[in-house]
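Engineer: Sending over a structure as C-alpha cells; questions will come in a sec.
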Amino acid sequence: MSEELIETIKKEFRSNVFDETVSNNEHYLTVKKEAAVRICDYLYHTLDFPLISIFATDERAKDGCFKIHYIFSCKDDMFIIIKIKVEETSPRFATLTHKIPAANWYEREIQDMFGLVPVGHPDPRRLIHFEDWPAGFYPLRKDFDIRTKPPRVKGEYIYRRVEGEGVYEIPVGPVHAGVIEPGHFRFSVAGEPILNLEIRHFYTHKGVEKLFESLSIDKAVFLAERISGDNSVAHSAAFCQAVEKVAGVDIPPHAKYIRTILLELERIYNHFGDIAGIATDVAYPFGAAHANRLKEQVMQLNEKVTGSRLLRGMNTTGGVRRDIGDKNELISKELATLQNNFRELMELLISSPSVADRIETTGRISNEIAKGLHVVGPAGRASGIDGDTRRDHPYAAYPELEFKVPVRKAGDVNARTLVRADEVYESIMLIQQALSRLPEGDIRTDVNQIPDGYALGYTEAPRGETLYWVHISNGRIERCKVRDPSFCNWLAIEYAVLDNIVPDFPIINKSLSLSYSGNDM
Amino acid sequence: MTIEDEREIMGQRLHEKIKNIFGRSLSIREVDAGSCNACEVEITALSNPIYDMERFGIHIVASPRHADMLLVTGPVTRNMELALLKTYNATPEPKLVAAMGSCACNGGIFGETYASGGGVDRFIPVDLYIPGCPPRPQAVIFGLMVAVDKLEQKIRKLEVKA
C-alpha cells in the first residue's frame with residue numbers, strides 16, 4: 001500500500017521529485033521548491049492526508065540551504081514528509097495557507113525563527129517575537145547564539161479592527177483574573193455577542209527548541225517534561241520515542257506497558273481537571289469540587305506510584321526509570337473507586353438543567369473548521385474528527401490493548417465534555433488491561449552510541465496529537481521540532497466564540513483545554 | 001502523625017498568623033511570568049476540597065490592586081517582563097513577592113537565553129523563594145507561613161519610619 005502510494009505521487013509529479021528516502025514509517029520526498037504547494041495540495045485535498053506540522057532546519061553548513069519540511073499523516077501508520085530547499089540568498093518560499101489553513105502559524109513561526117518569508121501569506125505579521133524585537137535576529141539559525149539578548153526597539157502591533165456603531169473592544173490579559181497562563185485576548189463586541197476575537201500569544205516563549213540544541217540527550221528529556229507541565233509524560237514519551245527510533249532501539253515490553261499506564265493516568269487527571277474547570281465556569285461549584293477532589297486523588301496516586309504528582313522523572317531514553325509492578329494492586333483499587341465516583345459526578349452534571357443550559361450549543365466548532373485547522377484531541381473528536389494517535393500511529397503498548405475512540409458530532413462545549421468523560425472510562429479500562437498483562441523483564445535498555453539520523457516521535461496527549469521531530473548528529477541534538485496539540489487548537493477558539501456572549505468565553509476556553517506554554521514554548 | 005494531620009496543623013498555624021496580622025485574609029495575585037503550567041496546576045490544587053486554602057485565610061484575588069502578595073511562577077520571559085513590572089507596580093505597599101518553583105527561583109532548566117531572563121529577583125525584589133518543580137501544595141502553604149512573618153517585619157519597619 002505505502003509503496004503504491006509513493007509511486008502514485010512520484011508519477012503525478014515525476015519531474016519535481018529529486019530524492020526519496022525511507023526510514024521506518026517515514027517517507028521523505030525532496031521536491032522542487034516551486035512544486036511544493038501543488039504537491040502538498042494534492043496530498044491534502046486529493047489523498048485526504050492531514051498536514052500535521054511544518055518546520056524548517058538550518059543546514060547551511062552542509063549545503064548552503066535551509067530546508068522546510070511538510071509532514072503529512074497517512075493511512076497505515078505512515079508519514080509523508082515533503083522537503084524543499086530554500087537558499088540563503090533567496091530566503092523565500094510560497095505560502096500554503098490559502099490552500100491549507102492549518103499552515104498559517106507554522107509559516108509565521110518559520111518567518112520569525114529562521115527569517116524565511118512565506119510569500120503571499122494572508123497574515124504576515126510576526127507571531128512569536130513581539131514588536132520590540134529588532135529585525136534581522138533569527139533564533140533558530142545556527143549562527144544565532146542562544147545567549148544573545150537583542151536590544152528592544154520601538155514598534156507597534158496592529159490588531160484587526162472591527163468598526164461600526166456600538167462596537168467596542170475588550171482587551172483581556174496577559175495577566176488574567178484567574179490562575180491561568182498568560183495570553184492576550186481582544187474581543188470586538190456589540191453588546192454581549194462577540195463579533196470578533198483576536199488572540200495574541202507567545203508571552204511564555206522560552207526558546208525551548210533552541211535550548212534543546214544545547215542540551216545532552218539525557219537532560220533534554222527533562223526539558224521535554226517542562227514544555228507543557230500537565231502533559232509531562234506525553235511530551236517526554238514522544239521525545240524518547242523519537243530518540244529510540246533514531247537509535248534503532250526497541251524498548252523492553254515491560255517499559256512499554258509502564259509508559260502506557262503513565263500516559264493514561266495523565267489523561268485521567270487532566271480530563272478531571274478540565275471537567276472541574278467547566279463546572280466552575282458554569283457556576284456549578286458542587287460539581288467542580290467533586291471533580292477537583294477526583295483530580296487530587298489521581299495526583300496523589302501518581303505520587304504514590306512514581307514519586308511525582310505530575311508523573312515527572314519516569315521517562316528516559318530506552319525505557320523508564322522505575323518499576324511500578326509492585327503498585328499493581330494499589331492502582332487497580334484506586335481506579336475502581338474513581339470510576340464509581342466519576343460516574344456519579346457525570347450523572348449529576350448531565351442531569352442538571354443549569355449546566356446543560358450553559359454548555360449545549362455553546363462554542364460550536366464545525367467539522368469543516370476543525371478539519372481545516374487540523375484541530376486535534378478531544379476538541380477535534382467532539383467536532384466529528386475520528387483521529388487518535390494511539391490508534392492511527394500506534395506506539396508503546398497500545399497495539400496490544402483494546403480501546404474505543406469516542407467521537408461526537410455537535411462540536412459544542414457539551415460534546416467536548418462528553419468526549420472527555422467517555423475517554424476517562426476508556427483510560428481506566430486501558431490501565432486495567434495493561435496491569436493485568438504487565439510483562440516481566442527489564443524496564444530499560446541502554447541507548448548509547450546513537451547514530452546520526454532523524455525521526456518522528458508522537459503520542460496522544462490528553463490535549464491531542466503531540467509531535468517531535470528529532471535530528472541527532474554526533475550524539476547531540478541538531479534540531480528538535482516540537483508540535484504541541486495546542487498549537488493546532490488555539491486558532492479554533494477564534495471561530496468557536498463567534499456569536500457567543502462574552503460571559504461564555506471562559507467556558508469555551510476551558511472546554512478546549514489549551515496550553516499556553518506548550519503553544520509558546 | 002499522618003501527612004493529612006501535618007497539613008492541618010500547618011494550615012491552622014498559618015491561619016492564626018494571618019488573622020493576627022491582617023485581621024482578614026492574605027490576598028494573593030498569581031502571576032505566571034512564563035511557567036510551564038505545572039506550578040499553576042499545584043496552585044489550583046490548593047483550592048480543591050482536600051487543601052481548601054481559603055479556610056486558612058488565603059485568598060486568590062483577581063487584580064494586583066487587591067493583593068498583599070504576588071506569587072510569581074516561571075522564568076521571566078522577554079515577552080512577560082513588562083507585564084510583570086506593571087503588575088508589581090500596581091500592587092499596593094507594603095507588598096510581598098514570592099517566587100514559586102525552580103524557574104522563578106533561578107531560571108531553572110530554561111536558564112538565561114534570548115527568550116528567558118532567569119529568576120524573578122532579577123526583575124523585581126523577591127521576599128521568599130519556594131523551590132520545587134513544581135513545589136507540592138504543602139510546600140506552598142509552608143512558604144506562605146514564612147512570607148507572612150516577613151510581611152509582619154515589613155509593616156513594623158514602615159510603622160517605625162512613620
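By order in the C-alpha cells, chains are A, B, ...; within a chain, residues start at 1; ligands start at 1, following the order shown.
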Within 8 Å of chain B, which residues belong to chain A? Use only C-alpha atoms and report them as a count of residues only.
Structural biologist: 38
Engineer: Please list as an MDAnalysis selection string every residue within 10 Å of region 465-468 of chain A, counting only C-alpha atoms and excluding residues in the same chain fewer than 4 positions away.
Structural biologist: chainID A and resid 52:53 224 231 234:243 375:378 387:390 455:461 480:488 518
Engineer: Generate the output file for the selected residues, N, CA and C atoms, as a short mmCIF file (atom, residue, chain, number, x, y, z; two decimals), in the first residue's frame.
Structural biologist:
data_model
loop_
_atom_site.label_atom_id
_atom_site.label_comp_id
_atom_site.auth_asym_id
_atom_site.auth_seq_id
_atom_site.Cartn_x
_atom_site.Cartn_y
_atom_site.Cartn_z
N ILE A 52 0.23 17.81 9.46
CA ILE A 52 0.34 17.84 10.92
C ILE A 52 1.47 18.73 11.43
N SER A 53 2.36 19.15 10.56
CA SER A 53 3.38 20.10 11.00
C SER A 53 4.17 20.62 9.82
N ALA A 224 11.80 18.31 27.87
CA ALA A 224 10.54 17.90 27.22
C ALA A 224 9.41 17.82 28.25
N ASN A 231 1.21 18.00 30.74
CA ASN A 231 1.33 16.93 29.74
C ASN A 231 2.75 16.38 29.73
N ALA A 234 3.33 12.78 28.17
CA ALA A 234 3.11 12.71 26.72
C ALA A 234 4.29 13.34 25.98
N HIS A 235 4.78 14.47 26.49
CA HIS A 235 5.89 15.14 25.82
C HIS A 235 7.19 14.33 25.93
N SER A 236 7.49 13.88 27.15
CA SER A 236 8.76 13.16 27.32
C SER A 236 8.71 11.82 26.59
N ALA A 237 7.54 11.17 26.57
CA ALA A 237 7.45 9.89 25.86
C ALA A 237 7.66 10.11 24.36
N ALA A 238 7.07 11.17 23.82
CA ALA A 238 7.23 11.44 22.37
C ALA A 238 8.69 11.71 22.05
N PHE A 239 9.35 12.47 22.92
CA PHE A 239 10.76 12.77 22.68
C PHE A 239 11.59 11.47 22.74
N CYS A 240 11.36 10.69 23.80
CA CYS A 240 12.14 9.44 23.95
C CYS A 240 11.91 8.50 22.77
N GLN A 241 10.65 8.42 22.31
CA GLN A 241 10.36 7.53 21.18
C GLN A 241 11.10 7.97 19.93
N ALA A 242 11.20 9.29 19.73
CA ALA A 242 11.93 9.77 18.56
C ALA A 242 13.40 9.38 18.66
N VAL A 243 13.99 9.57 19.85
CA VAL A 243 15.41 9.23 20.02
C VAL A 243 15.61 7.73 19.86
N VAL A 375 -7.73 20.58 13.97
CA VAL A 375 -7.97 20.56 15.42
C VAL A 375 -7.80 19.12 15.89
N VAL A 376 -7.03 18.94 16.95
CA VAL A 376 -6.70 17.58 17.40
C VAL A 376 -7.28 17.28 18.78
N GLY A 377 -7.15 16.04 19.18
CA GLY A 377 -7.54 15.63 20.53
C GLY A 377 -9.03 15.65 20.76
N PRO A 378 -9.44 15.73 22.03
CA PRO A 378 -10.87 15.71 22.36
C PRO A 378 -11.64 16.82 21.64
N GLY A 387 -9.95 10.85 14.87
CA GLY A 387 -8.49 10.68 14.85
C GLY A 387 -7.95 10.51 16.25
N ASP A 388 -7.04 9.58 16.40
CA ASP A 388 -6.40 9.35 17.69
C ASP A 388 -5.06 8.70 17.41
N THR A 389 -3.99 9.36 17.81
CA THR A 389 -2.65 8.85 17.51
C THR A 389 -2.45 7.44 18.06
N ARG A 390 -3.07 7.15 19.19
CA ARG A 390 -2.89 5.83 19.80
C ARG A 390 -3.36 4.72 18.86
N ALA A 455 14.14 11.29 13.23
CA ALA A 455 12.90 10.50 13.30
C ALA A 455 11.81 11.28 13.99
N LEU A 456 10.59 10.81 13.77
CA LEU A 456 9.43 11.40 14.43
C LEU A 456 9.09 10.60 15.68
N GLY A 457 8.65 11.31 16.71
CA GLY A 457 8.09 10.66 17.89
C GLY A 457 6.74 11.27 18.13
N TYR A 458 5.77 10.47 18.53
CA TYR A 458 4.43 11.04 18.66
C TYR A 458 3.65 10.32 19.75
N THR A 459 2.81 11.07 20.42
CA THR A 459 1.92 10.48 21.42
C THR A 459 0.58 11.20 21.32
N GLU A 460 -0.43 10.59 21.89
CA GLU A 460 -1.72 11.25 22.03
C GLU A 460 -1.77 11.76 23.47
N ALA A 461 -1.47 13.05 23.63
CA ALA A 461 -1.52 13.66 24.95
C ALA A 461 -2.99 13.86 25.32
N CYS A 480 15.40 19.94 17.20
CA CYS A 480 14.26 19.24 17.80
C CYS A 480 13.04 20.11 17.58
N LYS A 481 12.16 19.66 16.71
CA LYS A 481 10.92 20.40 16.47
C LYS A 481 9.83 19.80 17.34
N VAL A 482 9.17 20.64 18.09
CA VAL A 482 8.10 20.18 18.97
C VAL A 482 6.79 20.76 18.48
N ARG A 483 5.77 19.95 18.37
CA ARG A 483 4.46 20.46 17.99
C ARG A 483 3.45 20.01 19.06
N ASP A 484 3.11 20.95 19.94
CA ASP A 484 2.13 20.66 20.99
C ASP A 484 0.74 20.73 20.37
N PRO A 485 -0.22 19.92 20.88
CA PRO A 485 -1.58 19.97 20.31
C PRO A 485 -2.20 21.37 20.35
N SER A 486 -1.84 22.15 21.35
CA SER A 486 -2.45 23.47 21.47
C SER A 486 -2.07 24.39 20.31
N PHE A 487 -0.93 24.14 19.70
CA PHE A 487 -0.51 24.96 18.57
C PHE A 487 -1.51 24.84 17.43
N CYS A 488 -2.15 23.68 17.30
CA CYS A 488 -3.20 23.50 16.29
C CYS A 488 -4.51 24.07 16.76
N GLY A 518 2.80 25.21 26.14
CA GLY A 518 3.07 24.25 25.08
C GLY A 518 3.01 24.91 23.71
#
Engineer: So that I can see what lies close to region 63-72 of chain A, please list as a PyMOL selection string the residues with an atom at most 10 Å from it, counting only C-alpha atoms and leaving out residues fewer than 4 positions away in the same chain.
Structural biologist: chain A and resi 26-30+33+36+40+43-44+48-59+78-91+93+103+106-107+110+114+116+141+456
Engineer: Please dump the current selection as a short mmCIF file (atom, residue, chain, number, x, y, z; two decimals), in the first residue's frame; keep N, CA and C atoms.
Structural biologist:
data_model
loop_
_atom_site.label_atom_id
_atom_site.label_comp_id
_atom_site.auth_asym_id
_atom_site.auth_seq_id
_atom_site.Cartn_x
_atom_site.Cartn_y
_atom_site.Cartn_z
N GLU A 26 8.58 6.59 7.86
CA GLU A 26 8.64 7.97 7.38
C GLU A 26 9.23 8.01 5.97
N HIS A 27 8.45 8.54 5.03
CA HIS A 27 8.92 8.69 3.65
C HIS A 27 9.25 10.15 3.39
N TYR A 28 10.51 10.43 3.11
CA TYR A 28 10.93 11.80 2.84
C TYR A 28 11.07 11.99 1.34
N LEU A 29 10.35 12.97 0.79
CA LEU A 29 10.47 13.28 -0.63
C LEU A 29 11.00 14.70 -0.77
N THR A 30 12.19 14.82 -1.34
CA THR A 30 12.71 16.16 -1.59
C THR A 30 12.19 16.61 -2.95
N LYS A 33 11.27 23.41 -5.11
CA LYS A 33 10.64 24.42 -4.27
C LYS A 33 9.34 24.94 -4.88
N ALA A 36 6.18 22.63 -4.36
CA ALA A 36 5.76 22.20 -3.02
C ALA A 36 4.28 22.44 -2.77
N CYS A 40 1.69 19.47 -1.92
CA CYS A 40 1.01 19.46 -0.62
C CYS A 40 -0.51 19.53 -0.81
N LEU A 43 -1.69 16.10 -1.77
CA LEU A 43 -1.73 15.18 -0.63
C LEU A 43 -2.91 15.49 0.27
N TYR A 44 -3.16 16.79 0.45
CA TYR A 44 -4.18 17.22 1.39
C TYR A 44 -5.59 17.06 0.82
N ASP A 48 -6.43 13.29 0.86
CA ASP A 48 -7.09 13.49 2.16
C ASP A 48 -6.19 13.17 3.36
N PHE A 49 -4.91 13.54 3.25
CA PHE A 49 -4.00 13.35 4.38
C PHE A 49 -3.86 14.67 5.14
N PRO A 50 -4.08 14.68 6.45
CA PRO A 50 -3.93 15.94 7.18
C PRO A 50 -2.47 16.40 7.28
N LEU A 51 -2.30 17.72 7.21
CA LEU A 51 -0.98 18.32 7.40
C LEU A 51 -0.78 18.47 8.89
N ILE A 52 0.23 17.81 9.46
CA ILE A 52 0.34 17.84 10.92
C ILE A 52 1.47 18.73 11.43
N SER A 53 2.36 19.15 10.56
CA SER A 53 3.38 20.10 11.00
C SER A 53 4.17 20.62 9.82
N ILE A 54 4.68 21.83 9.98
CA ILE A 54 5.66 22.36 9.02
C ILE A 54 6.79 22.92 9.86
N PHE A 55 8.01 22.64 9.50
CA PHE A 55 9.12 23.23 10.23
C PHE A 55 10.33 23.37 9.32
N ALA A 56 11.25 24.21 9.76
CA ALA A 56 12.46 24.44 8.96
C ALA A 56 13.67 23.92 9.71
N THR A 57 14.74 23.70 8.97
CA THR A 57 16.03 23.37 9.58
C THR A 57 17.08 24.22 8.89
N ASP A 58 18.14 24.49 9.62
CA ASP A 58 19.23 25.28 9.06
C ASP A 58 20.37 24.33 8.72
N GLU A 59 20.49 24.00 7.43
CA GLU A 59 21.56 23.08 7.01
C GLU A 59 22.56 23.81 6.14
N MET A 78 1.67 5.61 8.35
CA MET A 78 2.78 6.11 7.55
C MET A 78 2.79 7.64 7.58
N PHE A 79 3.97 8.20 7.43
CA PHE A 79 4.09 9.66 7.33
C PHE A 79 4.78 10.01 6.02
N ILE A 80 4.28 11.02 5.34
CA ILE A 80 5.00 11.52 4.17
C ILE A 80 5.53 12.90 4.51
N ILE A 81 6.82 13.08 4.32
CA ILE A 81 7.42 14.37 4.61
C ILE A 81 7.95 14.97 3.32
N ILE A 82 7.35 16.08 2.93
CA ILE A 82 7.79 16.77 1.72
C ILE A 82 8.86 17.78 2.13
N LYS A 83 10.01 17.71 1.46
CA LYS A 83 11.12 18.59 1.83
C LYS A 83 11.45 19.52 0.69
N ILE A 84 11.67 20.79 1.01
CA ILE A 84 12.17 21.69 -0.03
C ILE A 84 13.42 22.40 0.48
N LYS A 85 14.24 22.83 -0.48
CA LYS A 85 15.44 23.59 -0.12
C LYS A 85 15.15 25.06 -0.33
N VAL A 86 15.59 25.88 0.63
CA VAL A 86 15.46 27.32 0.46
C VAL A 86 16.86 27.91 0.60
N GLU A 87 17.31 28.56 -0.47
CA GLU A 87 18.67 29.09 -0.44
C GLU A 87 18.77 30.35 0.39
N GLU A 88 19.94 30.52 1.01
CA GLU A 88 20.14 31.67 1.88
C GLU A 88 20.04 32.98 1.08
N THR A 89 20.47 32.91 -0.17
CA THR A 89 20.45 34.12 -0.97
C THR A 89 19.04 34.53 -1.38
N SER A 90 18.11 33.59 -1.35
CA SER A 90 16.73 33.93 -1.68
C SER A 90 15.82 33.30 -0.63
N PRO A 91 15.77 33.92 0.57
CA PRO A 91 15.08 33.30 1.71
C PRO A 91 13.56 33.44 1.64
N PHE A 93 9.72 31.40 0.39
CA PHE A 93 9.01 30.21 -0.09
C PHE A 93 7.54 30.57 -0.24
N ALA A 103 -1.74 25.63 7.82
CA ALA A 103 -0.34 26.02 7.63
C ALA A 103 -0.03 27.40 8.22
N TYR A 106 2.42 27.85 11.35
CA TYR A 106 3.74 27.24 11.10
C TYR A 106 4.59 28.16 10.24
N GLU A 107 3.96 28.72 9.21
CA GLU A 107 4.73 29.56 8.28
C GLU A 107 5.19 30.84 8.94
N ILE A 110 8.14 30.00 11.13
CA ILE A 110 9.36 29.87 10.35
C ILE A 110 9.91 31.26 10.01
N PHE A 114 13.48 31.67 11.56
CA PHE A 114 14.53 31.42 10.57
C PHE A 114 14.72 32.58 9.59
N LEU A 116 12.80 33.15 7.03
CA LEU A 116 12.39 32.75 5.68
C LEU A 116 10.96 33.27 5.48
N ARG A 141 18.42 30.02 13.65
CA ARG A 141 19.55 29.90 12.73
C ARG A 141 20.76 29.47 13.54
N LEU A 456 10.59 10.81 13.77
CA LEU A 456 9.43 11.40 14.43
C LEU A 456 9.09 10.60 15.68
#
Engineer: Name the residues in contact with Ile365 (chain A) at a cut-off of 8 Å, using only C-alpha atoms, excluding same-chain residues fewer than 5 positions from it; report them as a PDB file with C-alpha atoms, in the first residue's frame.
Structural biologist:
ATOM      1  CA  ALA A 370     -11.946  21.656  12.734  1.00  0.00           C
ATOM      2  CA  SER A 383     -16.375  18.002  16.106  1.00  0.00           C
ATOM      3  CA  GLY A 411     -18.797  20.357  18.287  1.00  0.00           C
ATOM      4  CA  ASP A 412     -20.063  22.340  21.279  1.00  0.00           C
ATOM      5  CA  ALA A 492     -10.112  27.292  16.529  1.00  0.00           C
ATOM      6  CA  TYR A 495     -14.189  30.622  15.454  1.00  0.00           C
ATOM      7  CA  ALA A 496     -15.720  28.874  18.452  1.00  0.00           C
TER       8      ALA A 496
END
Engineer: Could you tell me how far CA of Arg126 (chain A) sits from CA of His201 (chain A), in Å to one decimal place?
Structural biologist: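 Straight-line distance from CA of His201 (chain A) to CA of Arg126 (chain A) works out to 10.9 Å.
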Engineer: What lies within 10 Å of Ala139 (chain B) using only C-alpha atoms, ignoring chain neighbours under 6 positions off, as a JSON list (two decimals) with C-alpha atoms, in the first residue's frame?
Structural biologist:
[["chain", "number", "residue", "atom", "x", "y", "z"],
["B", 7, "ARG", "CA", -1.13, 19.69, 56.70],
["B", 100, "MET", "CA", 7.38, 29.81, 43.30],
["B", 130, "ILE", "CA", 9.57, 28.32, 47.27],
["B", 131, "PRO", "CA", 11.72, 25.77, 45.42],
["B", 132, "GLY", "CA", 10.44, 22.63, 43.74],
["B", 145, "MET", "CA", 3.78, 30.95, 56.51]]
Engineer: Please identify the alpha helix (DSSP H) residues within region 179-238 of chain A (assignment by DSSP from backbone atoms) and present them as a list in words.
Structural biologist: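 Residues of region 179-238 of chain A classed as alpha helix (DSSP H): Val208, Glu209, Lys210, Leu211, Phe212, Ile217, Asp218, Lys219, Ala220, Val221, Phe222, Leu223, Ala224, Glu225, Ser232, Val233, Ala234, His235, Ser236, Ala237 and Ala238 of chain A.
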Engineer: Closest to Lys295 (chain A) among A:Ile359, A:Val424, A:Val419, A:Ile217, using only C-alpha atoms?
Structural biologist: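 Of A:Ile359, A:Val424, A:Val419, A:Ile217, the one nearest Lys295 (chain A), counting only C-alpha atoms, is A:Val424.
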Engineer: As an exercise, work out the distance from CA of Tyr284 (chain A) to CA of Asp499 (chain A) in Å and give it to one decimal place.
Structural biologist: 23.6 Å
Engineer: Using CA of Ala35 (chain A) and CA of Pro118 (chain A) as the two end points, give the distance in Å to one decimal.
Structural biologist: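 CA of Ala35 (chain A) sits 14.5 Å away from CA of Pro118 (chain A).
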Engineer: Could you give me, as a list in words, each residue of region 193-433 of chain A that DSSP assigns to strand (DSSP E) when run on this structure's backbone?
Structural biologist: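 Residues meeting the strand (DSSP E) criterion: Ile194, Leu195, Asn196, Leu197, Glu198, Ile199, Arg200, Asn315, Thr316, Gly319 and Val320 of chain A.
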Engineer: Grab the residues selected above and save them as an mmCIF file, in the first residue's frame with N, CA and C atoms.
Structural biologist:
data_model
loop_
_atom_site.group_PDB
_atom_site.id
_atom_site.type_symbol
_atom_site.label_atom_id
_atom_site.label_comp_id
_atom_site.auth_asym_id
_atom_site.auth_seq_id
_atom_site.Cartn_x
_atom_site.Cartn_y
_atom_site.Cartn_z
ATOM 1 N N ILE A 194 -20.112 38.333 20.741
ATOM 2 C CA ILE A 194 -18.750 38.559 20.251
ATOM 3 C C ILE A 194 -18.779 38.601 18.721
ATOM 4 N N LEU A 195 -18.293 39.710 18.159
ATOM 5 C CA LEU A 195 -18.234 39.830 16.695
ATOM 6 C C LEU A 195 -16.905 39.284 16.180
ATOM 7 N N ASN A 196 -15.865 39.475 16.985
ATOM 8 C CA ASN A 196 -14.549 39.034 16.560
ATOM 9 C C ASN A 196 -13.679 38.825 17.787
ATOM 10 N N LEU A 197 -12.832 37.822 17.718
ATOM 11 C CA LEU A 197 -11.846 37.623 18.778
ATOM 12 C C LEU A 197 -10.495 37.473 18.118
ATOM 13 N N GLU A 198 -9.542 38.212 18.637
ATOM 14 C CA GLU A 198 -8.181 38.017 18.152
ATOM 15 C C GLU A 198 -7.331 37.591 19.328
ATOM 16 N N ILE A 199 -6.653 36.460 19.183
ATOM 17 C CA ILE A 199 -5.780 36.029 20.269
ATOM 18 C C ILE A 199 -4.357 36.415 19.934
ATOM 19 N N ARG A 200 -3.626 36.785 20.966
ATOM 20 C CA ARG A 200 -2.216 37.080 20.758
ATOM 21 C C ARG A 200 -1.444 36.347 21.845
ATOM 22 N N ASN A 315 10.044 8.867 32.493
ATOM 23 C CA ASN A 315 10.505 8.500 31.155
ATOM 24 C C ASN A 315 11.989 8.778 30.992
ATOM 25 N N THR A 316 12.630 7.910 30.255
ATOM 26 C CA THR A 316 14.023 8.127 29.907
ATOM 27 C C THR A 316 14.261 7.410 28.583
ATOM 28 N N GLY A 319 13.512 3.470 27.933
ATOM 29 C CA GLY A 319 12.514 2.873 28.806
ATOM 30 C C GLY A 319 12.050 3.810 29.886
ATOM 31 N N VAL A 320 11.914 3.274 31.120
ATOM 32 C CA VAL A 320 11.501 4.103 32.252
ATOM 33 C C VAL A 320 12.505 3.917 33.388
#
Engineer: Which residues, written as a ChimeraX atom specification, have at least one atom at most 10 Å from Ile472 (chain A), with only C-alpha atoms counted and residues fewer than 3 positions away on the same chain left out?
Structural biologist: /A:213,217,242-243,246-247,450-455,469,475-480
